[in-house]
Amino acid sequence: MKIGFIGTGVMGAPMVLNLLKSGHEVKVYNRTEAKAAALCEDGAILTHSIAECVDDVDVVITIVGYPKDVKEVYDVIIDNANAGVITIDMTTSSPELATEIYQKAKAKGIYALDAPVSGGDTGAKNATLTIMVGGDREAYDKVYNVFEAMGTTINYLGNAGSGQHCKMANQTAIAGAIAGAMEAMTYAIRVGLDLNTVLKAISKGSAGSFQLDMASSRVMKGDYAPGFYIKHFIKDMRIAQSEAERRHLVLPVLAQVLKEYEELQDEGYGDLGTQALYKYYSES
C-alpha cells in the first residue's frame with residue numbers, strides 16, 4: 001500500500017522501517033525534518049508538508065505527541081486527503097477527540113481509525129506492538145496487513161474512540177505495575193538485599209511482569225533514556241483520569257502514580273523514561 005506517515009520520533013521512526021520492510025511505499029513527514037529525512041536511506045520518501053504527505057496515498061498513519069497536535073494534524077489531513085483514504089491515528093489521545101475526528105472524516109468520505117499502541121520503543125523496533133483499534137470494522141479489515149507490519153497483538157475494540165478507551169485501561173494498569181516494581185526495588189535495596197538476587201527470585205513468580213523486567217534492567221544500568229517519556233505518560237494518565245471522572249469513577253492508584261510523575265516532571269525529569277519513577281522512591 002501507499003502510506004503517508006506523520007510523526008517520526010522515538011516510536012514512529014522504527015514503525016516506518018517495519019512498514020518499508022513489509023513492502024509498503026511510505027512517504028514521511030515530521031515537524032523536525034531531519035528526523036524524517038534520516039529514513040530516506042532506508043527507502044522512505046521525504047515530504048515537506050502534511051498536505052504533500054497525504055496526497056495520493058491509500059493510508060495515512062499519525063503518531064504525534066499530544067491531543068492538541070492530533071487535532072492540528074487532522075484538520076489538515078481531512079482538508080487534503082482524498083475520499084476513501086483510511087487514516088490511522090496511533091497517538092495515545094482523547095477518546096472524545098477520536099470520535100470528533102471520525103465524524104469530520106466521515107463527512108468527507110474518509111475513514112478514521114483510532115489505534116493507539118503499547119510496547120514502547122522496543123515493541124516499535126521489533127514490530128511486536130500491541131495495537132488497539134476503534135472505528136469502522138470495514139476499514140480495520142482493509143488495513144489489517146498494515147497493522148501486522150508493526151505489531152503482533154492486534155485487536156478491534158468497536159466504534160470510534162474504543163481504541164483510545166482500551167489504551168486508557170492499559171495505561172491505568174501500567175501505572176500500578178511500574179509503581180509496584182519501583183517500590184519493590186527500593187525496599188529490597190533499603191533492607192540490604194542483593195537486587196540481582198531479589199529480581200531473580202521474584203520475577204518468575206506471581207510478582208513477575210513486563211514492567212518489572214524492563215524497568216528494573218534499565219534502572220540497574222543507570223539507563224533512564226526514554227523508551228516512553230515521563231511527560232507523555234503524564235499526558236496519558238491525565239486523559240484516563242479525566243475520562244474516569246466523567247463517569248464518576250474513583251481510581252486511587254492512577255491518581256497517586258500520576259501525582260508522583262508530576263512531581264518528577266516538576267523537578268526536571270519529564271524527558272526521562274518512565275523507569276525514572278525509581279528516582280521518586282530512591283531519592284525520597
# chains A, B, ... in the order shown; residues from 1 in each chain; ligands from 1
call {"tool": "closest_atom_pairs", "arguments": {"of": "stretch 128-199 of chain A", "to": "stretch 217-220 of chain A", "cutoff": "10 Å", "atoms": "only C-alpha atoms", "output": "Markdown table"}}
result
| residue | atom | partner | partner_atom | distance |
| --- | --- | --- | --- | --- |
| A:Met182 | CA | A:Val219 | CA | 9.3 |
| A:Met185 | CA | A:Val219 | CA | 9.6 |
| A:Leu195 | CA | A:Met220 | CA | 8.7 |
| A:Asn196 | CA | A:Met220 | CA | 8.8 |
| A:Leu199 | CA | A:Ser217 | CA | 9.5 |
call {"tool": "write_last_selection", "arguments": {"atoms": "C-alpha atoms", "output": "PDB file, in the first residue's frame"}}
result
ATOM      1  CA  MET A 182       9.939   0.519  41.631  1.00  0.00           C
ATOM      2  CA  MET A 185      13.326  -2.462  44.138  1.00  0.00           C
ATOM      3  CA  LEU A 195      18.974  -6.616  43.971  1.00  0.00           C
ATOM      4  CA  ASN A 196      20.019  -9.059  41.247  1.00  0.00           C
ATOM      5  CA  LEU A 199      14.803  -9.886  40.974  1.00  0.00           C
TER       6      LEU A 199
END
call {"tool": "select_by_dssp", "arguments": {"residues": "stretch 90-169 of chain A", "states": "strand (DSSP E)", "output": "list of chain:residue names"}}
result
A:Tyr111, A:Ala112, A:Leu113, A:Asp114, A:Val117, A:Ser118, A:Leu129, A:Thr130, A:Ile131, A:Met132, A:Val133, A:Gly134, A:Gly151, A:Thr152, A:Thr153, A:Ile154, A:Asn155, A:Tyr156, A:Leu157, A:Gly158
call {"tool": "write_last_selection", "arguments": {"atoms": "N, CA and C atoms", "output": "CSV table (one decimal), in the first residue's frame"}}
result
chain,number,residue,atom,x,y,z
A,111,TYR,N,-12.2,7.4,6.0
A,111,TYR,CA,-12.3,6.6,7.1
A,111,TYR,C,-11.3,7.0,8.2
A,112,ALA,N,-11.7,6.9,9.5
A,112,ALA,CA,-10.8,7.3,10.6
A,112,ALA,C,-10.8,6.2,11.6
A,113,LEU,N,-9.6,5.7,11.9
A,113,LEU,CA,-9.4,4.7,12.9
A,113,LEU,C,-8.6,5.3,14.0
A,114,ASP,N,-8.9,5.0,15.3
A,114,ASP,CA,-8.0,5.4,16.4
A,114,ASP,C,-7.4,4.0,16.8
A,117,VAL,N,-1.1,2.4,20.6
A,117,VAL,CA,-0.2,1.2,20.7
A,117,VAL,C,0.4,1.1,22.1
A,118,SER,N,0.8,-0.1,22.5
A,118,SER,CA,1.6,-0.3,23.7
A,118,SER,C,2.8,-1.2,23.3
A,129,LEU,N,4.4,-4.6,18.6
A,129,LEU,CA,3.4,-3.7,19.4
A,129,LEU,C,2.1,-4.3,19.6
A,130,THR,N,1.4,-3.9,20.7
A,130,THR,CA,0.0,-4.2,20.9
A,130,THR,C,-0.7,-3.0,20.3
A,131,ILE,N,-1.7,-3.3,19.4
A,131,ILE,CA,-2.5,-2.3,18.7
A,131,ILE,C,-3.9,-2.4,19.1
A,132,MET,N,-4.5,-1.3,19.5
A,132,MET,CA,-5.9,-1.3,20.0
A,132,MET,C,-6.7,-0.4,19.1
A,133,VAL,N,-7.7,-1.0,18.3
A,133,VAL,CA,-8.3,-0.2,17.2
A,133,VAL,C,-9.8,0.0,17.4
A,134,GLY,N,-10.2,1.3,17.2
A,134,GLY,CA,-11.6,1.7,17.2
A,134,GLY,C,-11.9,2.3,15.8
A,151,GLY,N,2.9,-4.8,14.5
A,151,GLY,CA,2.5,-5.4,15.8
A,151,GLY,C,2.2,-6.8,15.7
A,152,THR,N,2.1,-7.5,16.8
A,152,THR,CA,1.7,-8.9,16.9
A,152,THR,C,0.4,-9.1,17.6
A,153,THR,N,0.0,-8.2,18.5
A,153,THR,CA,-1.3,-8.3,19.2
A,153,THR,C,-2.2,-7.2,18.7
A,154,ILE,N,-3.1,-7.5,17.8
A,154,ILE,CA,-3.9,-6.6,17.2
A,154,ILE,C,-5.4,-6.9,17.5
A,155,ASN,N,-6.1,-5.9,18.1
A,155,ASN,CA,-7.5,-6.1,18.5
A,155,ASN,C,-8.4,-5.0,18.0
A,156,TYR,N,-9.5,-5.4,17.5
A,156,TYR,CA,-10.6,-4.5,17.1
A,156,TYR,C,-11.5,-4.4,18.3
A,157,LEU,N,-11.7,-3.1,18.8
A,157,LEU,CA,-12.4,-2.9,20.1
A,157,LEU,C,-13.9,-2.4,19.8
A,158,GLY,N,-14.1,-1.8,18.7
A,158,GLY,CA,-15.5,-1.3,18.4
A,158,GLY,C,-15.5,0.0,17.8
call {"tool": "closest_residue", "arguments": {"among": "A:Ile88, A:Ala51, A:Ile234, A:Val198", "to": "A:Tyr66", "atoms": "only C-alpha atoms"}}
result
A:Ile234
call {"tool": "residues_around", "arguments": {"residues": "A:Gly7", "least_positions_apart": "4", "cutoff": "9 Å", "atoms": "only C-alpha atoms", "output": "PyMOL selection string"}}
result
chain A and resi 11-13+28-31+35-36+61-65
call {"tool": "atom_distance", "arguments": {"atom1": "atom CA of A:Asn82", "atom2": "atom CA of A:Glu96"}}
result
24.1 Å
call {"tool": "residues_around", "arguments": {"residues": "A:Val143", "least_positions_apart": "6", "cutoff": "10 Å", "atoms": "only C-alpha atoms", "output": "ChimeraX atom specification"}}
result
/A:1,58-59,86-88
call {"tool": "write_last_selection", "arguments": {"atoms": "N, CA and C atoms", "output": "PDB file, in the first residue's frame"}}
result
ATOM      1  N   MET A   1       0.833  -1.205   0.000  1.00  0.00           N
ATOM      2  CA  MET A   1       0.000   0.000   0.000  1.00  0.00           C
ATOM      3  C   MET A   1       0.868   1.256   0.000  1.00  0.00           C
ATOM      4  N   ASP A  58      -3.019   5.541   0.056  1.00  0.00           N
ATOM      5  CA  ASP A  58      -4.147   4.702   0.448  1.00  0.00           C
ATOM      6  C   ASP A  58      -4.451   4.843   1.937  1.00  0.00           C
ATOM      7  N   VAL A  59      -3.376   5.044   2.698  1.00  0.00           N
ATOM      8  CA  VAL A  59      -3.466   5.055   4.160  1.00  0.00           C
ATOM      9  C   VAL A  59      -2.636   6.214   4.698  1.00  0.00           C
ATOM     10  N   ILE A  86      -7.896   5.779   4.268  1.00  0.00           N
ATOM     11  CA  ILE A  86      -8.067   5.306   5.644  1.00  0.00           C
ATOM     12  C   ILE A  86      -7.000   5.956   6.513  1.00  0.00           C
ATOM     13  N   THR A  87      -7.424   6.747   7.489  1.00  0.00           N
ATOM     14  CA  THR A  87      -6.477   7.359   8.409  1.00  0.00           C
ATOM     15  C   THR A  87      -6.417   6.537   9.688  1.00  0.00           C
ATOM     16  N   ILE A  88      -5.216   6.445  10.245  1.00  0.00           N
ATOM     17  CA  ILE A  88      -4.986   5.660  11.464  1.00  0.00           C
ATOM     18  C   ILE A  88      -4.193   6.521  12.435  1.00  0.00           C
TER      19      ILE A  88
END
call {"tool": "residues_around", "arguments": {"residues": "A:Ala169", "least_positions_apart": "3", "cutoff": "12 Å", "atoms": "only C-alpha atoms", "output": "PyMOL selection string"}}
result
chain A and resi 92+95+116+118+132+162-166+172-176+236-237+239-241+243-244+251+254
call {"tool": "closest_residue", "arguments": {"among": "A:Gln103, A:Gly135, A:Asp121, A:Leu97", "to": "A:Ile78", "atoms": "only C-alpha atoms"}}
result
A:Gln103
call {"tool": "select_by_dssp", "arguments": {"residues": "stretch 17-259 of chain A", "states": "alpha helix (DSSP H)", "output": "NGL selection string"}}
result
:A and (17-21 or 33-37 or 50-54 or 67-80 or 95-107 or 120-126 or 137-142 or 144-148 or 162-190 or 195-202 or 210-220 or 230-246 or 252-259)
call {"tool": "atom_distance", "arguments": {"atom1": "atom CA of A:Phe5", "atom2": "atom CA of A:Ala160"}}
result
20.5 Å
call {"tool": "residues_around", "arguments": {"residues": "A:Leu17", "least_positions_apart": "5", "cutoff": "10 Å", "atoms": "only C-alpha atoms", "output": "PDB file with C-alpha atoms, in the first residue's frame"}}
result
ATOM      1  CA  GLY A  12       7.307   6.486  14.604  1.00  0.00           C
ATOM      2  CA  SER A  22       6.993  -5.320   4.649  1.00  0.00           C
ATOM      3  CA  HIS A  24       4.823  -0.767   1.667  1.00  0.00           C
ATOM      4  CA  VAL A  26       5.985   5.125   2.725  1.00  0.00           C
ATOM      5  CA  LEU A  39      14.596   7.429   6.992  1.00  0.00           C
ATOM      6  CA  CYS A  40      15.217   8.132   3.316  1.00  0.00           C
ATOM      7  CA  ASP A  42      16.006   3.019   4.042  1.00  0.00           C
ATOM      8  CA  GLY A  43      13.598   3.868   1.233  1.00  0.00           C
ATOM      9  CA  ALA A  44      11.151   6.352   2.735  1.00  0.00           C
ATOM     10  CA  ALA A 124       8.187  -0.458  17.812  1.00  0.00           C
ATOM     11  CA  LYS A 125      11.663  -1.668  16.793  1.00  0.00           C
ATOM     12  CA  ALA A 127       7.328  -4.983  15.282  1.00  0.00           C
ATOM     13  CA  ALA A 149       3.790  -4.973   9.800  1.00  0.00           C
ATOM     14  CA  MET A 150       4.037  -3.125  13.114  1.00  0.00           C
TER      15      MET A 150
END
call {"tool": "residues_around", "arguments": {"residues": "A:Tyr261", "least_positions_apart": "4", "cutoff": "8 Å", "atoms": "only C-alpha atoms", "output": "JSON, numbers by chain"}}
result
{"A": [230, 234, 257, 265, 277]}
call {"tool": "atom_distance", "arguments": {"atom1": "atom CA of A:Glu263", "atom2": "atom CA of A:Glu183"}}
result
16.2 Å
